[in-house]
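To keep things clear, I will list the structure first and then write my remarks on it.
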Amino acid sequence: MTQQLQTLNTTATTEIGGTVQQYLWSYQGQEFAIAYETLGQGAPVLLLPAFSTVSTRAEMAGLAKRLAFEFQVTAIDWLGFGESARPPINYEPTVYHQLLQDFVGAVFQQPIAVVAAGHAAGYAMKLAQQPGVLSRVALVAPTWRGPLPTMGVQPKGAGVVRGTVRSPLLGQALYKLNTTPSFLALMYRRHVYADPANVTPDLVDRRWHSTQQPGARFAPAAFVTGALDPVRDRADFLAWCQPLPTPLMVVIGEQAPPKSKAEMEAIAALSGVQTQKLTGSLGLHEEYPAPLAEAILPFLRSPS
């Protein structure tokens with residue numbers, strides 16, 4: 001398996017103010033371009049954006065710029081999102097577990113710290129099971145269950161929705177209805193941001209633009225319907241945290257939806273887990289990067 005790293009030309013979009021690069025990932029006989037960006041110098045910290053319909057490394061920009069004063073910060077676009085390739089493959093947890101493992105192995109030459117937002121939490125904790133790969137993990141408003149399962153939709157029904165969205169004509173139409181600027185703004189105000197005033201037209205426009213790229217509907221359809229859930233129940237997620245495989249911090253969004261907040265608090269209640277509670281909801285890493293950086297910097301600075 002050959003993995004390649006490339007620095008992109010000057011037309012590449014700088015989302016966090018750093019150097020944009022491309023990781024050519026070989027998976028099951030195919031090669032996919034994975035966009036990532038690096039800023040700052042020092043010990044390496046990998047930022048994993050939350051999975052969502054509008055997932056992009058750009059949501060980590062505010063945090064990245066603050067951490068880059070002391071660390072070398074890398075932010076990635078997941079396969080199927082942002083500026084990474086968006087192939088019509090079967091998106092499932094094994095894809096992202098393998099991608100994260102291969103990416104970390106190719107890009108970094110020493111144990112790294114990881115800051116994982118939302119649904120990226122499970123993938124970070126799975127990787128943490130491998131000794132010597134991660135030095136510490138900070139989970140920001142962590143989740144493990146996708147939107148439809150959280151709403152009580154059973155796997156069979158979620159599968160029907162996923163299949164419909166993947167279909168050529170009806171799927172495209174359904175996806176467009178669920179990614180209109182007005183709908184995206186509604187979702188941001190309901191679940192992602194704590195302060196509706198922060199859901200600006202510019203923010204919505206930038207996120208809407210991301211949803212309109214070729215192949216954009218396939219990975220989000222998997223996330224929304226629970227196909228990217230790294231575990232099937234809370235006990236399995238907590239098993240990755242006990243005993244702690246690495247120093248672990250959990251940041252809880254005080255305004256997060258009740259079901260999601262309950263999962264965050266369950267992780268925080270485990271022995272040895274450092275906990276911070278901040279104003280914010282599921283997108284607190286994007287909405288409130290300054291207090292988040294202040295909360296996690298002492299954790300990132302502490303010796304392993």
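Within each chain, counting starts at residue 1; across the structure tokens, chains are named A, B, ... in the order shown, with ligands numbered 1 upward in that order.
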
Give me the region 157-266 of chain A side of the contact with region 86-109 of chain A, cut-off 8 Å, one line per residue showing its nearest atom pair and distance in Å at one decimal, counting only C-alpha atoms, sorted by chain and residue number, as CSV.
residue,atom,partner,partner_atom,distance
A:Pro214,CA,A:Arg86,CA,7.3
A:Gly215,CA,A:Arg86,CA,5.2
A:Ala216,CA,A:Arg86,CA,6.2
A:Phe218,CA,A:Pro88,CA,6.0
A:Ala219,CA,A:Tyr91,CA,6.1
A:Ala222,CA,A:Tyr91,CA,6.2
A:Ala227,CA,A:Glu92,CA,5.7
A:Leu228,CA,A:Glu92,CA,5.2
A:Asp229,CA,A:Pro93,CA,6.8
A:Pro230,CA,A:Pro93,CA,5.6

- [ ] Write down as a PyMOL selection string the residues belonging to region 46-255 of chain A that are assigned strand (DSSP E or B) by DSSP computed on the backbone.
- [x] chain A and resi 46-48+71-76+112-117+134-140+248-253

- [ ] Counting only C-alpha atoms, figure out which residue out of A:Lys277, A:Arg301, A:Arg234, A:His209 gets nearest to Thr53 (chain A).
- [x] A:His209

Open item on the list: With DSSP run on the backbone, what are the helix (DSSP H, G or I) residues within region 184-288 of chain A? I'd like them as a ChimeraX atom specification.
Closed with: /A:184-192,196-198,201-211,218-224,234-239,258-268,284-287

Can you spit out the residues from that selection as a compact mmCIF listing (two decimals), in the first residue's frame, using N, CA and C atoms?
# COMPACT_ATOMS: atom_id res chain seq x y z
N LEU A 184 -30.58 24.66 6.65
CA LEU A 184 -29.30 24.61 7.36
C LEU A 184 -29.30 25.60 8.52
N ALA A 185 -29.83 26.80 8.28
CA ALA A 185 -29.89 27.79 9.35
C ALA A 185 -30.76 27.31 10.51
N LEU A 186 -31.86 26.65 10.19
CA LEU A 186 -32.75 26.12 11.22
C LEU A 186 -32.03 25.08 12.07
N MET A 187 -31.31 24.17 11.43
CA MET A 187 -30.58 23.13 12.16
C MET A 187 -29.48 23.73 13.04
N TYR A 188 -28.79 24.73 12.50
CA TYR A 188 -27.75 25.39 13.31
C TYR A 188 -28.36 26.01 14.56
N ARG A 189 -29.49 26.65 14.40
CA ARG A 189 -30.11 27.32 15.56
C ARG A 189 -30.67 26.31 16.56
N ARG A 190 -31.15 25.20 16.08
CA ARG A 190 -31.78 24.21 16.98
C ARG A 190 -30.78 23.37 17.73
N HIS A 191 -29.71 22.92 17.05
CA HIS A 191 -28.86 21.90 17.65
C HIS A 191 -27.38 22.24 17.69
N VAL A 192 -26.91 23.10 16.79
CA VAL A 192 -25.47 23.26 16.62
C VAL A 192 -24.93 24.44 17.41
N PRO A 196 -28.50 31.91 18.65
CA PRO A 196 -29.00 32.06 17.28
C PRO A 196 -28.39 33.25 16.54
N ALA A 197 -28.00 34.28 17.28
CA ALA A 197 -27.40 35.45 16.64
C ALA A 197 -26.09 35.13 15.94
N ASN A 198 -25.45 34.04 16.33
CA ASN A 198 -24.18 33.66 15.72
C ASN A 198 -24.36 32.90 14.41
N PRO A 201 -25.79 34.96 8.00
CA PRO A 201 -25.96 34.60 6.59
C PRO A 201 -24.66 34.14 5.94
N ASP A 202 -23.54 34.74 6.31
CA ASP A 202 -22.25 34.35 5.74
C ASP A 202 -21.89 32.93 6.14
N LEU A 203 -22.09 32.58 7.41
CA LEU A 203 -21.82 31.22 7.87
C LEU A 203 -22.66 30.22 7.11
N VAL A 204 -23.96 30.50 7.02
CA VAL A 204 -24.87 29.58 6.33
C VAL A 204 -24.50 29.44 4.86
N ASP A 205 -24.13 30.54 4.22
CA ASP A 205 -23.77 30.50 2.80
C ASP A 205 -22.53 29.64 2.58
N ARG A 206 -21.54 29.79 3.45
CA ARG A 206 -20.32 29.00 3.30
C ARG A 206 -20.59 27.52 3.51
N ARG A 207 -21.43 27.18 4.48
CA ARG A 207 -21.74 25.78 4.72
C ARG A 207 -22.63 25.21 3.60
N TRP A 208 -23.55 26.03 3.10
CA TRP A 208 -24.39 25.59 1.99
C TRP A 208 -23.53 25.29 0.77
N HIS A 209 -22.56 26.12 0.49
CA HIS A 209 -21.68 25.90 -0.66
C HIS A 209 -20.99 24.55 -0.56
N SER A 210 -20.59 24.17 0.64
CA SER A 210 -19.92 22.88 0.83
C SER A 210 -20.85 21.71 0.49
N THR A 211 -22.14 21.88 0.74
CA THR A 211 -23.08 20.78 0.48
C THR A 211 -23.40 20.61 -0.99
N PHE A 218 -23.57 11.52 -0.34
CA PHE A 218 -23.37 10.13 0.07
C PHE A 218 -22.91 9.97 1.52
N ALA A 219 -21.85 10.65 1.91
CA ALA A 219 -21.37 10.53 3.29
C ALA A 219 -22.34 11.12 4.31
N PRO A 220 -22.92 12.31 4.06
CA PRO A 220 -23.91 12.83 5.01
C PRO A 220 -25.11 11.91 5.20
N ALA A 221 -25.54 11.24 4.13
CA ALA A 221 -26.66 10.30 4.26
C ALA A 221 -26.31 9.18 5.22
N ALA A 222 -25.06 8.74 5.18
CA ALA A 222 -24.63 7.68 6.10
C ALA A 222 -24.61 8.20 7.53
N PHE A 223 -24.11 9.41 7.73
CA PHE A 223 -24.06 9.96 9.08
C PHE A 223 -25.45 10.15 9.67
N VAL A 224 -26.32 10.82 8.93
CA VAL A 224 -27.66 11.15 9.44
C VAL A 224 -28.44 9.90 9.82
N ARG A 234 -24.27 2.82 24.47
CA ARG A 234 -23.39 3.59 25.36
C ARG A 234 -22.33 2.71 26.00
N ALA A 235 -22.70 1.50 26.40
CA ALA A 235 -21.76 0.62 27.10
C ALA A 235 -20.53 0.34 26.25
N ASP A 236 -20.73 0.15 24.96
CA ASP A 236 -19.60 -0.12 24.07
C ASP A 236 -18.68 1.10 23.98
N PHE A 237 -19.27 2.30 23.94
CA PHE A 237 -18.44 3.50 23.89
C PHE A 237 -17.65 3.65 25.18
N LEU A 238 -18.32 3.48 26.31
CA LEU A 238 -17.65 3.64 27.59
C LEU A 238 -16.54 2.61 27.79
N ALA A 239 -16.69 1.44 27.15
CA ALA A 239 -15.67 0.40 27.28
C ALA A 239 -14.34 0.85 26.68
N PRO A 258 -30.73 17.41 25.17
CA PRO A 258 -30.70 16.57 26.37
C PRO A 258 -30.13 15.17 26.16
N LYS A 259 -30.54 14.48 25.10
CA LYS A 259 -30.04 13.11 24.89
C LYS A 259 -28.55 13.11 24.63
N SER A 260 -28.07 14.05 23.85
CA SER A 260 -26.64 14.13 23.56
C SER A 260 -25.86 14.52 24.81
N LYS A 261 -26.40 15.45 25.57
CA LYS A 261 -25.72 15.89 26.79
C LYS A 261 -25.60 14.75 27.79
N ALA A 262 -26.61 13.90 27.85
CA ALA A 262 -26.57 12.76 28.77
C ALA A 262 -25.42 11.82 28.42
N GLU A 263 -25.14 11.66 27.13
CA GLU A 263 -24.02 10.81 26.72
C GLU A 263 -22.69 11.44 27.10
N MET A 264 -22.58 12.75 26.94
CA MET A 264 -21.36 13.46 27.34
C MET A 264 -21.11 13.29 28.83
N GLU A 265 -22.16 13.45 29.61
CA GLU A 265 -22.02 13.36 31.07
C GLU A 265 -21.68 11.95 31.51
N ALA A 266 -22.13 10.94 30.77
CA ALA A 266 -21.79 9.56 31.11
C ALA A 266 -20.30 9.31 30.93
N ILE A 267 -19.72 9.89 29.89
CA ILE A 267 -18.27 9.76 29.69
C ILE A 267 -17.53 10.52 30.78
N ALA A 268 -17.99 11.73 31.06
CA ALA A 268 -17.33 12.58 32.05
C ALA A 268 -17.34 11.95 33.44
N LEU A 284 -19.96 23.72 19.72
CA LEU A 284 -19.25 24.70 20.56
C LEU A 284 -17.81 24.90 20.11
N HIS A 285 -17.20 23.88 19.47
CA HIS A 285 -15.83 24.03 18.99
C HIS A 285 -15.73 25.11 17.92
N GLU A 286 -16.81 25.31 17.17
CA GLU A 286 -16.83 26.33 16.12
C GLU A 286 -17.36 27.66 16.65
N GLU A 287 -18.36 27.60 17.51
CA GLU A 287 -19.01 28.82 17.99
C GLU A 287 -18.20 29.54 19.06

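Nearest residue to Ala85 (chain A), choosing from A:Gln129, A:Glu37, A:Trp25, A:Arg66 and counting only C-alpha atoms: A:Trp25.
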
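Between Ser281 (chain A) and the candidates A:Ala194, A:Val250, A:Ala293, A:Pro298, the tightest atom-to-atom separation, counting only C-alpha atoms, involves A:Ala194.
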
TODO: Considering only C-alpha atoms, state which residue in the set A:Met249, A:Val45, A:Ala35, A:Ala173 is at the smallest distance from Val73 (chain A).
DONE: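 Smallest distance to Val73 (chain A) is found for A:Val45.
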
Task: Distance criterion (only C-alpha atoms): nearest to Thr143 (chain A) out of A:Val114, A:Ile76, A:Ile252, A:Ala33 - done: A:Ile252

Open item on the list: So that I can see what lies close to Leu300 (chain A), please list as a PyMOL selection string the residues with an atom at most 9 Å from it, counting only C-alpha atoms and leaving out residues fewer than 5 positions away in the same chain.
Closed with: chain A and resi 45+113+136-138

Take the selection from the previous step and output its residues with N, CA, C and O atoms, as a PDB file, in the first residue's frame.
ATOM      1  N   VAL A  45      -0.767  18.394  17.186  1.00  0.00           N
ATOM      2  CA  VAL A  45      -2.145  18.234  17.639  1.00  0.00           C
ATOM      3  C   VAL A  45      -3.023  18.065  16.403  1.00  0.00           C
ATOM      4  O   VAL A  45      -2.994  18.902  15.494  1.00  0.00           O
ATOM      5  N   ALA A 113      -1.427  14.439  20.112  1.00  0.00           N
ATOM      6  CA  ALA A 113      -2.665  14.752  20.815  1.00  0.00           C
ATOM      7  C   ALA A 113      -3.772  14.926  19.788  1.00  0.00           C
ATOM      8  O   ALA A 113      -3.529  15.377  18.662  1.00  0.00           O
ATOM      9  N   ARG A 136      -2.703  11.990  24.092  1.00  0.00           N
ATOM     10  CA  ARG A 136      -3.852  12.422  24.880  1.00  0.00           C
ATOM     11  C   ARG A 136      -4.993  12.735  23.932  1.00  0.00           C
ATOM     12  O   ARG A 136      -4.781  13.007  22.751  1.00  0.00           O
ATOM     13  N   VAL A 137      -6.208  12.716  24.452  1.00  0.00           N
ATOM     14  CA  VAL A 137      -7.404  12.951  23.636  1.00  0.00           C
ATOM     15  C   VAL A 137      -8.336  13.900  24.374  1.00  0.00           C
ATOM     16  O   VAL A 137      -8.643  13.694  25.557  1.00  0.00           O
ATOM     17  N   ALA A 138      -8.789  14.936  23.673  1.00  0.00           N
ATOM     18  CA  ALA A 138      -9.824  15.834  24.180  1.00  0.00           C
ATOM     19  C   ALA A 138     -11.060  15.662  23.306  1.00  0.00           C
ATOM     20  O   ALA A 138     -10.994  15.848  22.086  1.00  0.00           O
TER      21      ALA A 138
END

Task: Pick from A:Ser167, A:Gln28, A:Gln72, A:Ser84, whichever lies nearest to Arg57 (chain A) using only C-alpha atoms - done: A:Ser84

Open item on the list: If we count only C-alpha atoms and set the cut-off at 6 Å, which residues sit around Ala141 (chain A), ignoring sequence neighbours fewer than 3 positions away in its own chain? Please answer as a PyMOL selection string.
Closed with: chain A and resi 118+251-253+282

Task: Point-to-point distance in Å for CA of Ala124 (chain A) and CA of Pro111 (chain A) - done: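 The value is 13.1 Å.
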
TODO: List the neighbours of Thr164 (chain A) out to 12 Å using only C-alpha atoms; skip same-chain residues closer than 4 positions along the sequence, and give me the result as a list of chain:residue names.
DONE: A:Gly157, A:Ala158, A:Gly159, A:Val160, A:Pro168, A:Leu169, A:Leu170, A:Gly171, A:Gln172, A:Ala173, A:Leu174, A:Tyr175, A:Arg217, A:Phe218, A:Ala221, A:Ala222, A:Thr225

Store the residues picked out above, limited to N, CA, C and O atoms, as a compact mmCIF listing (two decimals), in the first residue's frame.
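New file part.txt:
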# COMPACT_ATOMS: atom_id res chain seq x y z
N GLY A 157 -35.75 1.46 9.10
CA GLY A 157 -36.27 2.71 8.55
C GLY A 157 -35.15 3.65 8.14
O GLY A 157 -35.22 4.31 7.10
N ALA A 158 -34.09 3.71 8.96
CA ALA A 158 -32.95 4.56 8.62
C ALA A 158 -32.28 4.08 7.35
O ALA A 158 -31.83 4.88 6.53
N GLY A 159 -32.25 2.76 7.17
CA GLY A 159 -31.65 2.20 5.96
C GLY A 159 -32.44 2.58 4.71
O GLY A 159 -31.85 2.82 3.65
N VAL A 160 -33.76 2.63 4.83
CA VAL A 160 -34.59 3.04 3.70
C VAL A 160 -34.29 4.49 3.33
O VAL A 160 -34.16 4.84 2.15
N PRO A 168 -30.30 8.03 -7.67
CA PRO A 168 -29.87 9.10 -8.58
C PRO A 168 -30.79 10.32 -8.64
O PRO A 168 -30.31 11.44 -8.53
N LEU A 169 -32.08 10.15 -8.79
CA LEU A 169 -32.96 11.29 -9.01
C LEU A 169 -33.68 11.73 -7.75
O LEU A 169 -33.55 12.87 -7.30
N LEU A 170 -34.43 10.80 -7.16
CA LEU A 170 -35.15 11.14 -5.93
C LEU A 170 -34.19 11.53 -4.82
O LEU A 170 -34.44 12.45 -4.04
N GLY A 171 -33.05 10.84 -4.76
CA GLY A 171 -32.06 11.13 -3.73
C GLY A 171 -31.49 12.52 -3.85
O GLY A 171 -31.32 13.24 -2.86
N GLN A 172 -31.21 12.92 -5.08
CA GLN A 172 -30.67 14.27 -5.31
C GLN A 172 -31.69 15.33 -4.89
O GLN A 172 -31.34 16.34 -4.27
N ALA A 173 -32.96 15.08 -5.24
CA ALA A 173 -34.00 16.05 -4.89
C ALA A 173 -34.19 16.14 -3.38
O ALA A 173 -34.30 17.24 -2.81
N LEU A 174 -34.22 14.98 -2.71
CA LEU A 174 -34.39 14.96 -1.26
C LEU A 174 -33.21 15.64 -0.56
O LEU A 174 -33.40 16.40 0.40
N TYR A 175 -32.02 15.37 -1.06
CA TYR A 175 -30.83 15.98 -0.47
C TYR A 175 -30.86 17.51 -0.60
O TYR A 175 -30.54 18.23 0.34
N ARG A 217 -23.79 14.15 -1.26
CA ARG A 217 -24.88 13.58 -0.46
C ARG A 217 -24.56 12.22 0.15
O ARG A 217 -25.23 11.79 1.10
N PHE A 218 -23.57 11.52 -0.34
CA PHE A 218 -23.37 10.13 0.07
C PHE A 218 -22.91 9.97 1.52
O PHE A 218 -23.51 9.22 2.30
N ALA A 221 -25.54 11.24 4.13
CA ALA A 221 -26.66 10.30 4.26
C ALA A 221 -26.31 9.18 5.22
O ALA A 221 -27.16 8.73 6.00
N ALA A 222 -25.06 8.74 5.18
CA ALA A 222 -24.63 7.68 6.10
C ALA A 222 -24.61 8.20 7.53
O ALA A 222 -25.07 7.51 8.46
N THR A 225 -28.26 8.83 9.06
CA THR A 225 -29.04 7.61 9.29
C THR A 225 -28.37 6.64 10.26
O THR A 225 -28.89 5.54 10.49

- [ ] Quick one: everything within 10 Å of Gln130 (chain A), counting only C-alpha atoms, minus sequence neighbours fewer than 3 positions away in the same chain. Send it as JSON, numbers by chain.
- [x] {"A": [101, 125, 126, 127, 133, 134, 245, 246]}

Could those residues be written to a file, using N, CA and C atoms, as a PDB file, in the first residue's frame?
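Output (out_36.pdb):
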ATOM      1  N   GLN A 101      -6.342   5.747  11.041  1.00  0.00           N
ATOM      2  CA  GLN A 101      -5.134   5.007  11.392  1.00  0.00           C
ATOM      3  C   GLN A 101      -4.046   5.221  10.349  1.00  0.00           C
ATOM      4  N   MET A 125     -11.266   7.577  19.993  1.00  0.00           N
ATOM      5  CA  MET A 125     -11.115   6.629  21.092  1.00  0.00           C
ATOM      6  C   MET A 125     -10.757   5.236  20.587  1.00  0.00           C
ATOM      7  N   LYS A 126     -11.261   4.866  19.426  1.00  0.00           N
ATOM      8  CA  LYS A 126     -10.877   3.581  18.832  1.00  0.00           C
ATOM      9  C   LYS A 126      -9.390   3.568  18.507  1.00  0.00           C
ATOM     10  N   LEU A 127      -8.884   4.664  17.927  1.00  0.00           N
ATOM     11  CA  LEU A 127      -7.462   4.739  17.615  1.00  0.00           C
ATOM     12  C   LEU A 127      -6.620   4.744  18.884  1.00  0.00           C
ATOM     13  N   VAL A 133       0.242   5.531  19.965  1.00  0.00           N
ATOM     14  CA  VAL A 133      -0.173   6.326  18.807  1.00  0.00           C
ATOM     15  C   VAL A 133      -0.615   7.725  19.232  1.00  0.00           C
ATOM     16  N   LEU A 134      -1.451   7.798  20.272  1.00  0.00           N
ATOM     17  CA  LEU A 134      -1.958   9.068  20.755  1.00  0.00           C
ATOM     18  C   LEU A 134      -1.392   9.357  22.143  1.00  0.00           C
ATOM     19  N   PRO A 245      -7.168   4.512  27.975  1.00  0.00           N
ATOM     20  CA  PRO A 245      -5.998   4.146  27.171  1.00  0.00           C
ATOM     21  C   PRO A 245      -4.976   5.273  27.067  1.00  0.00           C
ATOM     22  N   THR A 246      -5.408   6.504  27.373  1.00  0.00           N
ATOM     23  CA  THR A 246      -4.574   7.689  27.277  1.00  0.00           C
ATOM     24  C   THR A 246      -5.239   8.779  28.116  1.00  0.00           C
TER      25      THR A 246
END

Open item on the list: If we count only C-alpha atoms and set the cut-off at 12 Å, which residues sit around Glu15 (chain A), ignoring sequence neighbours fewer than 3 positions away in its own chain? Please answer as a list in words.
Closed with: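 The residues that qualify are Ala12, Gly18, Thr19, Val20, Gln21, Ala35, Tyr36, Glu37, Thr38, Leu39, Thr56, Arg57, Ala58, Glu59, Met60, Ala61, Gly62, Leu63, Ala64, Lys65, Thr74, Ala75, Ile76, Asp77, Gly82, Glu83 and Arg206 of chain A.
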